[in-house]
Amino acid sequence: MSPRRFVCCSIILVSACRAAAIPEAQRYPAGTPFRAHYRTVDGTRLRLIDSGNGTPVVFIHGIGASMYGWRYQLAPLVAAGYRVVAFDNRGFGFSDKPAHGYHNAEYAHLVVSLLDSLGIASAVLVGHSMGGAIAAEVALVHPDRVRGLVLIDAAGFGVSWPGVLKIARWPFVGAIVTSFRARWVTGRILRSTFADPNKVTEADVDQYYAPVPDPNFGRALRGVLREFSFDTLGGRLASVQTPTLILWGDADRLISVRDGSRFGRELPRSEFVLLEHAGHNAQEEAADKVNRLLLGFLKEGLSRIPENVAWSTPPSRSSRSSNP
């Protein structure tokens, strides 16, 4: 069999394994007080939530995720008096999925352009995984736009890729691998990001899988894996004066705790907090802990460097662990 015929047969075979995505009416934020809308920023049509009043807090998700990854954080922050913005980043969720536009600088520019579009002069950026690397890049290049940083299991010093994503980065073979988009693959990858895979529900898999059947999903994923650098922050963070809270799952198998500690050492105004019994997706698996720490940071600043990053009246201090 010729290579071309083999590829065609493989694509046909794996395409037949795809499950139907949940209907649009069931996709997050359906069933919540939030409403998603679209806004074109930097030539990219982004799907986003913008809700609440007060200090803006912008959430940037990781690779393969969407605004759904922040479902446990948005309502508590709005209730506490903050404006929350969560969006499906370029190439993910239900935002545009072009062939290119996935370099670190392009993502940082997209975030700043989104702030401009929403009339936000400066915001607290909360980034998870790849989104953490993007948030840090914005703080490096546009420090005046970032009043506080929260990095959750953030990329920046490298990633230990699951096998399927490692292969997806290869030329030629990647096109075949990214065409294999069965729902069970999504479920398997998602469960690998939790310390306790049993915490992942079928509804969670449905929401993560919903964008996957998009014809442009594979092209966008390959673009991200080719263009985005997950190891560009080493030796660059000393100039970041933004107060930074670093949260890390102690059972993260994708990005080691050692990298989290490195963020704490290299960022001059930071606090590192280790979350017990949490994997890579700590904001989902340990949502209550993350929310308590996030709100404490917004209201009180860093425990070692008292500063009210959100410029609101601080309540009594709560206890939280910090770097030695």
# chains A, B, ... in the order shown; residues from 1 in each chain; ligands from 1
>>> residues_around(residues="stretch 62-70 of chain A", least_positions_apart="6", cutoff="8 Å", atoms="only C-alpha atoms", output="NGL selection string")
:A and (28-29 or 48 or 86-89 or 92-93 or 127-132 or 207-208 or 221 or 283-284)
>>> select_by_dssp(residues="stretch 141-285 of chain A", states="helix (DSSP H, G or I)", output="PyMOL selection string")
chain A and resi 141+143-145+163-168+173-177+183-192+197-199+202-209+217-227+237-239+257-266+282-285
>>> write_last_selection(atoms="C-alpha atoms", output="compact mmCIF listing (two decimals), in the first residue's frame")
# COMPACT_ATOMS: atom_id res chain seq x y z
CA VAL A 141 6.39 42.62 27.55
CA PRO A 143 4.06 45.14 32.61
CA ASP A 144 1.78 48.18 32.79
CA ARG A 145 -1.19 46.02 31.73
CA GLY A 163 2.51 10.10 24.21
CA VAL A 164 -0.24 11.13 21.82
CA LEU A 165 0.69 14.83 21.98
CA LYS A 166 4.39 14.05 21.68
CA ILE A 167 3.74 12.17 18.45
CA ALA A 168 1.38 14.90 17.23
CA VAL A 173 2.80 11.59 11.35
CA GLY A 174 1.26 14.44 13.33
CA ALA A 175 -1.40 14.90 10.66
CA ILE A 176 -2.44 11.28 11.12
CA VAL A 177 -2.40 11.40 14.90
CA ARG A 183 -14.07 10.84 22.53
CA TRP A 184 -12.25 8.19 24.55
CA VAL A 185 -8.91 9.77 23.62
CA THR A 186 -10.11 13.10 25.02
CA GLY A 187 -11.27 11.34 28.16
CA ARG A 188 -7.98 9.53 28.60
CA ILE A 189 -5.90 12.70 28.23
CA LEU A 190 -8.19 14.65 30.55
CA ARG A 191 -8.07 11.99 33.26
CA SER A 192 -4.26 11.96 33.06
CA PRO A 197 -8.95 10.29 37.49
CA ASN A 198 -12.28 9.27 39.04
CA LYS A 199 -13.04 12.94 39.65
CA GLU A 202 -18.68 12.03 31.72
CA ALA A 203 -20.09 15.56 31.54
CA ASP A 204 -16.54 16.92 31.81
CA VAL A 205 -15.41 14.70 28.94
CA ASP A 206 -18.40 15.89 26.88
CA GLN A 207 -17.42 19.54 27.37
CA TYR A 208 -13.75 18.95 26.57
CA TYR A 209 -14.65 16.85 23.55
CA PHE A 217 -9.20 21.32 15.28
CA GLY A 218 -6.31 19.09 14.15
CA ARG A 219 -4.76 21.83 12.05
CA ALA A 220 -4.87 24.25 14.98
CA LEU A 221 -3.43 21.73 17.43
CA ARG A 222 -0.53 21.00 15.08
CA GLY A 223 0.00 24.74 14.65
CA VAL A 224 0.21 25.25 18.40
CA LEU A 225 2.59 22.33 18.90
CA ARG A 226 4.84 23.55 16.09
CA GLU A 227 4.84 27.28 16.84
CA LEU A 237 11.65 36.45 34.96
CA ALA A 238 13.88 38.52 37.26
CA SER A 239 12.58 41.73 35.68
CA VAL A 257 6.78 20.61 41.04
CA ARG A 258 10.44 21.44 40.46
CA ASP A 259 9.35 23.85 37.72
CA GLY A 260 6.83 25.43 40.07
CA SER A 261 9.57 25.99 42.63
CA ARG A 262 11.70 27.50 39.90
CA PHE A 263 8.99 30.06 39.15
CA GLY A 264 9.07 30.92 42.85
CA ARG A 265 12.83 31.39 42.82
CA GLU A 266 13.03 33.41 39.61
CA ALA A 282 -5.49 21.97 39.93
CA GLN A 283 -8.11 24.68 39.38
CA GLU A 284 -10.62 21.93 38.56
CA GLU A 285 -9.50 19.18 40.92
>>> atom_distance(atom1="atom CA of A:Val150", atom2="atom CA of A:Thr244")
5.6 Å
>>> closest_residue(among="A:Pro215, A:Asn291, A:Gly301, A:Thr55", to="A:Ala121", atoms="only C-alpha atoms")
A:Thr55
>>> residues_around(residues="A:Gly148", least_positions_apart="2", cutoff="12 Å", atoms="only C-alpha atoms", output="tab-separated table (two decimals) with N, CA and C atoms, in the first residue's frame")
chain	number	residue	atom	x	y	z
A	55	THR	N	-12.55	45.08	39.82
A	55	THR	CA	-11.24	44.79	39.25
A	55	THR	C	-11.33	43.66	38.24
A	56	PRO	N	-10.80	43.85	37.03
A	56	PRO	CA	-10.87	42.78	36.02
A	56	PRO	C	-9.89	41.64	36.33
A	57	VAL	N	-10.38	40.42	36.21
A	57	VAL	CA	-9.57	39.22	36.35
A	57	VAL	C	-9.76	38.42	35.07
A	58	VAL	N	-8.69	38.21	34.33
A	58	VAL	CA	-8.75	37.56	33.02
A	58	VAL	C	-8.14	36.17	33.13
A	122	SER	N	-5.74	47.61	32.89
A	122	SER	CA	-4.86	46.60	33.48
A	122	SER	C	-5.72	45.58	34.20
A	123	ALA	N	-5.20	44.37	34.32
A	123	ALA	CA	-5.99	43.28	34.89
A	123	ALA	C	-5.09	42.33	35.65
A	124	VAL	N	-5.70	41.55	36.52
A	124	VAL	CA	-5.02	40.40	37.10
A	124	VAL	C	-5.17	39.26	36.10
A	125	LEU	N	-4.06	38.67	35.69
A	125	LEU	CA	-4.08	37.56	34.74
A	125	LEU	C	-3.92	36.25	35.49
A	126	VAL	N	-4.83	35.31	35.23
A	126	VAL	CA	-4.77	33.98	35.82
A	126	VAL	C	-4.55	33.00	34.68
A	127	GLY	N	-3.40	32.34	34.68
A	127	GLY	CA	-3.07	31.45	33.58
A	127	GLY	C	-2.78	30.04	34.05
A	135	ALA	N	0.44	34.34	30.12
A	135	ALA	CA	0.27	35.40	31.11
A	135	ALA	C	1.62	35.98	31.53
A	136	ALA	N	2.61	35.11	31.75
A	136	ALA	CA	3.94	35.59	32.13
A	136	ALA	C	4.57	36.40	31.01
A	138	VAL	N	2.97	38.23	28.83
A	138	VAL	CA	2.33	39.55	28.84
A	138	VAL	C	2.96	40.42	29.93
A	139	ALA	N	3.19	39.84	31.12
A	139	ALA	CA	3.80	40.60	32.21
A	139	ALA	C	5.21	41.06	31.86
A	143	PRO	N	4.25	45.16	31.16
A	143	PRO	CA	4.06	45.14	32.61
A	143	PRO	C	3.00	46.11	33.11
A	144	ASP	N	2.78	47.19	32.36
A	144	ASP	CA	1.78	48.18	32.79
A	144	ASP	C	0.36	47.66	32.65
A	145	ARG	N	0.16	46.55	31.93
A	145	ARG	CA	-1.19	46.02	31.73
A	145	ARG	C	-1.54	44.92	32.74
A	146	VAL	N	-0.57	44.53	33.57
A	146	VAL	CA	-0.78	43.40	34.48
A	146	VAL	C	-0.56	43.87	35.92
A	150	VAL	N	-1.46	35.16	38.53
A	150	VAL	CA	-1.68	33.88	39.20
A	150	VAL	C	-1.31	32.80	38.19
A	151	LEU	N	-0.30	32.02	38.51
A	151	LEU	CA	0.18	30.96	37.62
A	151	LEU	C	-0.17	29.61	38.23
A	240	VAL	N	10.37	40.84	36.23
A	240	VAL	CA	8.92	40.94	36.47
A	240	VAL	C	8.68	41.37	37.92
A	241	GLN	N	8.17	42.56	38.09
A	241	GLN	CA	7.88	43.08	39.42
A	241	GLN	C	6.42	42.89	39.83
A	242	THR	N	5.65	42.26	38.97
A	242	THR	CA	4.24	42.02	39.26
A	242	THR	C	4.09	41.01	40.39
A	243	PRO	N	3.29	41.30	41.42
A	243	PRO	CA	3.03	40.31	42.47
A	243	PRO	C	2.44	39.05	41.85
A	244	THR	N	3.00	37.89	42.18
A	244	THR	CA	2.62	36.64	41.53
A	244	THR	C	2.35	35.55	42.54
A	245	LEU	N	1.19	34.93	42.42
A	245	LEU	CA	0.83	33.76	43.22
A	245	LEU	C	1.00	32.54	42.33
A	246	ILE	N	1.79	31.57	42.79
A	246	ILE	CA	2.06	30.36	42.03
A	246	ILE	C	1.41	29.18	42.74
A	269	ARG	N	8.86	38.78	43.24
A	269	ARG	CA	7.75	39.10	44.14
A	269	ARG	C	6.69	38.02	43.98
A	270	SER	N	6.98	36.86	44.54
A	270	SER	CA	6.09	35.71	44.32
A	270	SER	C	5.93	34.88	45.58
A	294	LEU	N	-6.93	32.24	45.59
A	294	LEU	CA	-7.09	33.28	44.58
A	294	LEU	C	-7.76	34.51	45.16
A	297	PHE	N	-5.45	36.33	47.51
A	297	PHE	CA	-4.46	37.10	46.78
A	297	PHE	C	-5.05	38.40	46.24
A	298	LEU	N	-6.26	38.32	45.69
A	298	LEU	CA	-6.89	39.51	45.14
A	298	LEU	C	-7.19	40.54	46.22
A	299	LYS	N	-7.58	40.08	47.39
A	299	LYS	CA	-7.99	41.00	48.46
A	299	LYS	C	-6.83	41.45	49.34
A	300	GLU	N	-5.83	40.56	49.50
A	300	GLU	CA	-4.77	40.85	50.47
A	300	GLU	C	-3.38	40.92	49.88
A	301	GLY	N	-3.20	40.42	48.68
A	301	GLY	CA	-1.87	40.35	48.11
A	301	GLY	C	-1.12	39.14	48.61
A	302	LEU	N	0.19	39.16	48.47
A	302	LEU	CA	1.02	38.05	48.89
A	302	LEU	C	1.20	38.07	50.40
A	307	GLU	N	0.26	43.38	49.95
A	307	GLU	CA	-0.07	44.39	48.94
A	307	GLU	C	-1.41	44.03	48.35
A	308	ASN	N	-2.29	45.00	48.29
A	308	ASN	CA	-3.64	44.75	47.80
A	308	ASN	C	-3.66	44.92	46.29
A	309	VAL	N	-3.38	43.83	45.57
A	309	VAL	CA	-3.21	43.94	44.12
A	309	VAL	C	-4.49	44.34	43.40
A	310	ALA	N	-5.62	44.08	44.01
A	310	ALA	CA	-6.88	44.41	43.34
A	310	ALA	C	-7.44	45.75	43.79
A	311	TRP	N	-6.74	46.41	44.69
A	311	TRP	CA	-7.15	47.73	45.14
A	311	TRP	C	-8.56	47.73	45.72
>>> closest_residue(among="A:Pro213, A:Pro23, A:Gly31, A:Gly43", to="A:His109", atoms="only C-alpha atoms")
A:Gly43
>>> atom_distance(atom1="atom CA of A:Asp153", atom2="atom CA of A:His277")
13.6 Å
